[in-house]
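Structure below is input-v8.pdb: PDB, C-alpha atoms.
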MODEL        1
ATOM      1  CA  MET A  23     -47.422 158.637 177.389
ATOM      2  CA  GLY A  24     -49.674 156.737 174.998
ATOM      3  CA  ARG A  25     -49.830 159.694 172.591
ATOM      4  CA  THR A  26     -49.096 159.515 168.905
ATOM      5  CA  ARG A  27     -46.508 162.011 167.752
ATOM      6  CA  TRP A  28     -48.244 162.965 164.537
ATOM      7  CA  ALA A  29     -45.389 165.057 163.155
ATOM      8  CA  ARG A  30     -42.965 162.165 163.543
ATOM      9  CA  PHE A  31     -45.531 159.688 162.179
ATOM     10  CA  ALA A  32     -46.158 161.894 159.130
ATOM     11  CA  GLY A  33     -42.418 162.334 158.597
ATOM     12  CA  VAL A  34     -41.744 158.578 158.655
ATOM     13  CA  LEU A  35     -44.731 157.923 156.394
ATOM     14  CA  GLY A  36     -43.556 160.635 153.991
ATOM     15  CA  ILE A  37     -40.018 159.230 153.817
ATOM     16  CA  GLY A  38     -41.415 155.768 153.126
ATOM     17  CA  ALA A  39     -43.711 157.115 150.401
ATOM     18  CA  ILE A  40     -40.820 158.989 148.755
ATOM     19  CA  GLY A  41     -38.675 155.830 148.819
ATOM     20  CA  ALA A  42     -41.496 153.743 147.355
ATOM     21  CA  GLY A  43     -42.116 156.393 144.713
ATOM     22  CA  ALA A  44     -38.436 156.461 143.728
ATOM     23  CA  LEU A  45     -38.371 152.657 143.509
ATOM     24  CA  LEU A  46     -41.522 152.534 141.375
ATOM     25  CA  PHE A  47     -40.258 155.358 139.141
ATOM     26  CA  GLY A  48     -37.022 153.424 138.576
ATOM     27  CA  MET A  49     -39.000 150.305 137.729
ATOM     28  CA  SER A  50     -41.225 152.258 135.334
ATOM     29  CA  GLN A  51     -38.146 153.536 133.501
ATOM     30  CA  GLY A  52     -36.758 150.004 133.217
ATOM     31  CA  ALA A  53     -33.826 150.897 135.444
ATOM     32  CA  LEU A  54     -34.354 148.286 138.152
ATOM     33  CA  ALA A  55     -34.916 144.579 138.369
ATOM     34  CA  ALA A  56     -38.124 143.906 140.278
ATOM     35  CA  SER A  57     -39.081 141.417 142.960
ATOM     36  CA  PHE A  58     -42.373 141.663 144.829
ATOM     37  CA  ALA A  59     -43.423 139.402 147.703
ATOM     38  CA  VAL A  60     -45.686 140.522 150.522
ATOM     39  CA  SER A  61     -44.948 138.907 153.876
ATOM     40  CA  GLY A  62     -47.913 136.775 154.871
ATOM     41  CA  THR A  63     -50.206 138.457 152.336
ATOM     42  CA  ASN A  64     -51.189 137.498 148.821
ATOM     43  CA  PHE A  65     -52.115 140.061 146.185
ATOM     44  CA  LYS A  66     -54.420 140.328 143.206
ATOM     45  CA  VAL A  67     -53.701 141.246 139.587
ATOM     46  CA  SER A  68     -56.198 141.937 136.841
ATOM     47  CA  ALA A  69     -55.793 142.939 133.204
ATOM     48  CA  ASP A  70     -58.020 143.183 130.153
ATOM     49  CA  ASN A  71     -55.439 141.251 128.152
ATOM     50  CA  LEU A  72     -52.074 139.547 128.646
ATOM     51  CA  VAL A  73     -49.875 138.812 125.631
ATOM     52  CA  GLY A  74     -46.943 136.564 126.516
ATOM     53  CA  GLN A  75     -44.030 135.092 124.581
ATOM     54  CA  GLY A  76     -42.134 132.028 125.774
ATOM     55  CA  PHE A  77     -44.550 130.578 128.360
ATOM     56  CA  VAL A  78     -43.922 127.771 130.869
ATOM     57  CA  GLN A  79     -45.923 126.513 133.848
ATOM     58  CA  PHE A  80     -45.445 123.854 136.528
ATOM     59  CA  GLY A  81     -46.214 123.194 140.186
ATOM     60  CA  GLY A  82     -44.022 124.549 142.957
ATOM     61  CA  VAL A  83     -43.789 125.698 146.560
ATOM     62  CA  ASP A  84     -43.459 129.317 147.690
ATOM     63  CA  ALA A  85     -41.838 129.572 151.121
ATOM     64  CA  GLY A  86     -40.723 133.183 150.809
ATOM     65  CA  ALA A  87     -43.518 134.808 152.796
ATOM     66  CA  GLY A  88     -42.888 133.066 156.117
ATOM     67  CA  LYS A  89     -45.313 130.235 155.288
ATOM     68  CA  THR A  90     -45.318 127.475 152.710
ATOM     69  CA  HIS A  91     -47.817 127.741 149.859
ATOM     70  CA  VAL A  92     -48.391 125.302 146.995
ATOM     71  CA  VAL A  93     -48.387 127.402 143.825
ATOM     72  CA  ALA A  94     -48.441 127.231 140.059
ATOM     73  CA  VAL A  95     -45.232 128.767 138.752
ATOM     74  CA  SER A  96     -45.898 130.684 135.521
ATOM     75  CA  GLY A  97     -42.996 132.116 133.535
ATOM     76  CA  PHE A  98     -42.890 134.388 130.467
ATOM     77  CA  LYS A  99     -39.844 135.531 128.495
ATOM     78  CA  THR A 100     -41.825 138.682 127.754
ATOM     79  CA  ALA A 101     -45.311 139.766 128.792
ATOM     80  CA  ARG A 102     -47.509 142.763 128.082
ATOM     81  CA  LEU A 103     -50.634 143.523 130.092
ATOM     82  CA  ASP A 104     -53.363 145.965 129.047
ATOM     83  CA  LYS A 105     -55.299 147.919 131.695
ATOM     84  CA  PHE A 106     -53.128 146.503 134.494
ATOM     85  CA  CYS A 107     -54.207 146.578 138.148
ATOM     86  CA  GLN A 108     -52.430 145.124 141.197
ATOM     87  CA  SER A 109     -53.835 145.363 144.714
ATOM     88  CA  VAL A 110     -52.677 144.399 148.188
ATOM     89  CA  PHE A 111     -55.230 144.334 151.001
ATOM     90  CA  VAL A 112     -53.989 144.577 154.596
ATOM     91  CA  ALA A 113     -56.530 144.230 157.396
ATOM     92  CA  ASN A 114     -56.450 145.845 160.842
ATOM     93  CA  MET A 115     -53.526 148.223 160.476
ATOM     94  CA  PRO A 116     -52.841 150.165 163.697
ATOM     95  CA  ILE A 117     -54.648 153.529 163.815
ATOM     96  CA  VAL A 118     -56.082 153.379 160.268
ATOM     97  CA  GLY A 119     -57.732 149.924 160.121
ATOM     98  CA  ASP A 120     -58.103 148.127 156.774
ATOM     99  CA  ILE A 121     -56.126 149.520 153.842
ATOM    100  CA  THR A 122     -55.673 148.674 150.163
ATOM    101  CA  MET A 123     -52.658 149.611 148.060
ATOM    102  CA  ARG A 124     -53.299 149.656 144.312
ATOM    103  CA  ILE A 125     -50.966 150.113 141.358
ATOM    104  CA  THR A 126     -52.675 150.739 138.036
ATOM    105  CA  ALA A 127     -51.495 151.380 134.481
ATOM    106  CA  ASP A 128     -54.663 151.788 132.466
ATOM    107  CA  GLY A 129     -53.528 151.917 128.855
ATOM    108  CA  VAL A 130     -52.684 149.321 126.222
ATOM    109  CA  GLY A 131     -49.354 147.827 127.271
ATOM    110  CA  GLY A 132     -49.648 149.617 130.621
ATOM    111  CA  MET A 133     -47.388 147.013 132.200
ATOM    112  CA  SER A 134     -44.675 145.055 130.410
ATOM    113  CA  ALA A 135     -42.013 142.721 131.751
ATOM    114  CA  GLU A 136     -39.035 140.612 130.750
ATOM    115  CA  ASN A 137     -38.348 137.204 132.328
ATOM    116  CA  LEU A 138     -41.504 137.443 134.419
ATOM    117  CA  VAL A 139     -42.187 134.693 136.985
ATOM    118  CA  VAL A 140     -45.422 134.571 139.014
ATOM    119  CA  ASN A 141     -46.174 132.181 141.884
ATOM    120  CA  LEU A 142     -49.972 132.027 141.833
ATOM    121  CA  THR A 143     -52.775 130.116 143.507
ATOM    122  CA  ASP A 144     -55.743 131.212 141.371
ATOM    123  CA  LEU A 145     -56.031 132.209 137.721
ATOM    124  CA  ASN A 146     -59.196 133.037 135.780
ATOM    125  CA  GLY A 147     -59.587 134.175 132.176
ATOM    126  CA  ASP A 148     -59.765 132.951 128.591
ATOM    127  CA  LEU A 149     -56.473 131.312 127.554
ATOM    128  CA  VAL A 150     -55.100 130.652 124.068
ATOM    129  CA  LEU A 151     -51.748 128.802 123.772
ATOM    130  CA  GLY A 152     -49.652 128.864 120.608
ATOM    131  CA  ASN A 153     -47.790 125.632 119.788
ATOM    132  CA  PRO A 154     -48.320 124.113 123.261
ATOM    133  CA  GLU A 155     -46.579 121.089 124.773
ATOM    134  CA  ILE A 156     -48.722 119.797 127.637
ATOM    135  CA  GLY A 157     -47.456 117.092 130.006
ATOM    136  CA  ILE A 158     -43.766 117.744 129.401
ATOM    137  CA  ASP A 159     -41.354 116.960 132.251
ATOM    138  CA  ALA A 160     -41.214 120.208 134.269
ATOM    139  CA  ASN A 161     -37.424 119.929 134.434
ATOM    140  CA  LYS A 162     -37.226 119.858 130.612
ATOM    141  CA  VAL A 163     -39.070 123.091 129.804
ATOM    142  CA  THR A 164     -37.009 125.439 127.630
ATOM    143  CA  LYS A 165     -39.337 128.122 126.269
ATOM    144  CA  GLY A 166     -39.655 130.345 129.342
ATOM    145  CA  PRO A 167     -37.199 132.503 131.293
ATOM    146  CA  GLU A 168     -33.653 131.142 131.328
ATOM    147  CA  ASN A 169     -32.974 128.503 134.014
ATOM    148  CA  LEU A 170     -36.629 128.361 135.114
ATOM    149  CA  ARG A 171     -37.312 124.652 135.649
ATOM    150  CA  GLY A 172     -39.549 122.482 137.812
ATOM    151  CA  LEU A 173     -38.829 119.267 139.686
ATOM    152  CA  PRO A 174     -37.725 116.305 137.529
ATOM    153  CA  GLY A 175     -40.618 113.989 136.713
ATOM    154  CA  SER A 176     -43.322 116.520 137.630
ATOM    155  CA  PHE A 177     -45.993 117.826 135.237
ATOM    156  CA  GLY A 178     -45.189 120.852 133.118
ATOM    157  CA  LEU A 179     -46.392 122.683 130.056
ATOM    158  CA  GLN A 180     -44.871 125.205 127.688
ATOM    159  CA  ALA A 181     -45.897 127.179 124.626
ATOM    160  CA  ASP A 182     -44.472 129.664 122.164
ATOM    161  CA  THR A 183     -47.205 132.157 123.083
ATOM    162  CA  ALA A 184     -49.900 132.590 125.731
ATOM    163  CA  ASN A 185     -52.744 135.087 125.434
ATOM    164  CA  ILE A 186     -55.142 135.565 128.364
ATOM    165  CA  THR A 187     -58.159 137.864 128.180
ATOM    166  CA  SER A 188     -60.118 139.033 131.261
ATOM    167  CA  LEU A 189     -57.190 138.016 133.488
ATOM    168  CA  GLN A 190     -57.761 137.721 137.229
ATOM    169  CA  GLN A 191     -55.091 136.101 139.389
ATOM    170  CA  THR A 192     -54.157 135.763 143.054
ATOM    171  CA  ALA A 193     -50.434 135.391 143.707
ATOM    172  CA  TRP A 194     -47.879 135.221 146.506
ATOM    173  CA  ALA A 195     -44.817 136.489 144.639
ATOM    174  CA  THR A 196     -43.734 138.047 141.360
ATOM    175  CA  THR A 197     -40.174 138.422 140.104
ATOM    176  CA  ALA A 198     -38.857 139.812 136.841
ATOM    177  CA  GLN A 199     -35.680 140.989 135.206
ATOM    178  CA  THR A 200     -37.453 144.254 134.361
ATOM    179  CA  ILE A 201     -40.964 145.645 134.848
ATOM    180  CA  ARG A 202     -42.141 148.802 133.097
ATOM    181  CA  PHE A 203     -45.307 150.811 133.761
ATOM    182  CA  LYS A 204     -46.838 153.411 131.429
ATOM    183  CA  GLY A 205     -49.026 155.996 133.124
ATOM    184  CA  MET A 206     -48.658 154.328 136.509
ATOM    185  CA  ASN A 207     -50.835 155.399 139.443
ATOM    186  CA  LEU A 208     -50.192 154.316 143.051
ATOM    187  CA  THR A 209     -52.942 154.799 145.625
ATOM    188  CA  ILE A 210     -53.364 153.793 149.259
ATOM    189  CA  ARG A 211     -56.949 153.883 150.512
ATOM    190  CA  GLN A 212     -58.796 152.873 153.643
ATOM    191  CA  GLY A 213     -61.089 149.895 153.296
ATOM    192  CA  LYS A 214     -61.158 146.988 150.876
ATOM    193  CA  GLN A 215     -60.793 148.262 147.302
ATOM    194  CA  GLU A 216     -59.107 145.397 145.471
ATOM    195  CA  CYS A 217     -58.772 144.992 141.697
ATOM    196  CA  PHE A 218     -61.528 142.341 141.714
TER
ENDMDL
END
Before anything else, please render the file you have as structure tokens.
Amino acid sequence: MGRTRWARFAGVLGIGAIGAGALLFGMSQGALAASFAVSGTNFKVSADNLVGQGFVQFGGVDAGAGKTHVVAVSGFKTARLDKFCQSVFVANMPIVGDITMRITADGVGGMSAENLVVNLTDLNGDLVLGNPEIGIDANKVTKGPENLRGLPGSFGLQADTANITSLQQTAWATTAQTIRFKGMNLTIRQGKQECF
């Protein structure tokens, strides 16, 4: 009573890791559509450079993680990120304490996506927009992923291209038609070891 059955714990953990590995491998081969939202936890993404085509942005609400968060919805028809890093920090896990899960793809174009949508709360970096339209009705944007629109009468922007260097963002959810990783590495470590 009160003992941890380590063999069973290791078996369950191993099965979960195999399932996660299979899912990530399928995503890296472009075989699966991807949707990533962490219940009650935001996550961080960094990249040396993001090159996006067909960019839109407007305000929104993310209620998918059990709580309501005001977010900026950013959509790209296509996006390529160099030296990609994504981290999720979870505090006070039973037995092990604080842990950080990181996914990295270090090369040029390490992560690429089609019809990428990110619900974010913080974004830092140097931004260059190609042929921007700023202050457009968020319900009238047409350059981003198909059917991605904001509320009528709310503020929106769109551009043919968006390039962000030294990207650092905090987000609550990411969805895409397809995400691909080149040279992906998944690690789970004790302590706080976030991307930034």
Would you compute the distance between CA of Val112 in chain A and CA of Trp194 in chain A? Give it in Å to one decimal. 13.8 Å
On this structure, the PyMOL selection byres ((chain A and resi 140) around 6) would catch which residues? List them as an MDAnalysis selection string, sorted by chain and number. chainID A and resid 95:96 139 141:142 195:196
Return the single residue from A:Gly81, A:Pro167, A:Gly205, A:Gly175 that is closest to Ala135 in chain A, with distances computed using all atoms listed in the file.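 Nearest candidate to Ala135 in chain A out of A:Gly81, A:Pro167, A:Gly205, A:Gly175: A:Pro167.
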Protein and nucleic acid residues near (-55.7, 130.2, 135.8) (cut-off 8 Å, all atoms listed in the file) as an mmCIF file with C-alpha atoms, in the frame of the given file:
data_model
loop_
_atom_site.group_PDB
_atom_site.id
_atom_site.type_symbol
_atom_site.label_atom_id
_atom_site.label_comp_id
_atom_site.auth_asym_id
_atom_site.auth_seq_id
_atom_site.Cartn_x
_atom_site.Cartn_y
_atom_site.Cartn_z
ATOM 1 C CA ASP A 144 -55.743 131.212 141.371
ATOM 2 C CA LEU A 145 -56.031 132.209 137.721
ATOM 3 C CA ASN A 146 -59.196 133.037 135.780
ATOM 4 C CA GLY A 147 -59.587 134.175 132.176
ATOM 5 C CA GLN A 190 -57.761 137.721 137.229
ATOM 6 C CA GLN A 191 -55.091 136.101 139.389
#
Between CA of Gln79 in chain A and CA of Cys107 in chain A, what is the distance, to one decimal in Å?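 Value for the CA of Gln79 in chain A-CA of Cys107 in chain A distance: 22.1 Å.
Taking CA of Thr122 in chain A as the reference point, CA of Gly82 in chain A is found at 27.7 Å.
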Can you translate the PyMOL selection byres ((chain A and resi 123) around 9) into the concrete residues it hits in this file, as a VMD selection string? chain A and resid 108 to 112 121 to 122 124 to 125 208 to 212 215 to 216
Skipping near chain neighbours, those fewer than 6 positions away, what residues fall within 12 Å of range 70-74 of chain A using all atoms listed in the file, listed as a ChimeraX atom specification? /A:96-107,127-139,146-152,165-167,180-191,217
In terms of the shortest atom-to-atom distance over only C-alpha atoms, which of A:Ala193, A:Gln199, A:Thr126, A:Lys162 is closest to Ala94 in chain A?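 Closest to Ala94 in chain A, using only C-alpha atoms: A:Ala193.
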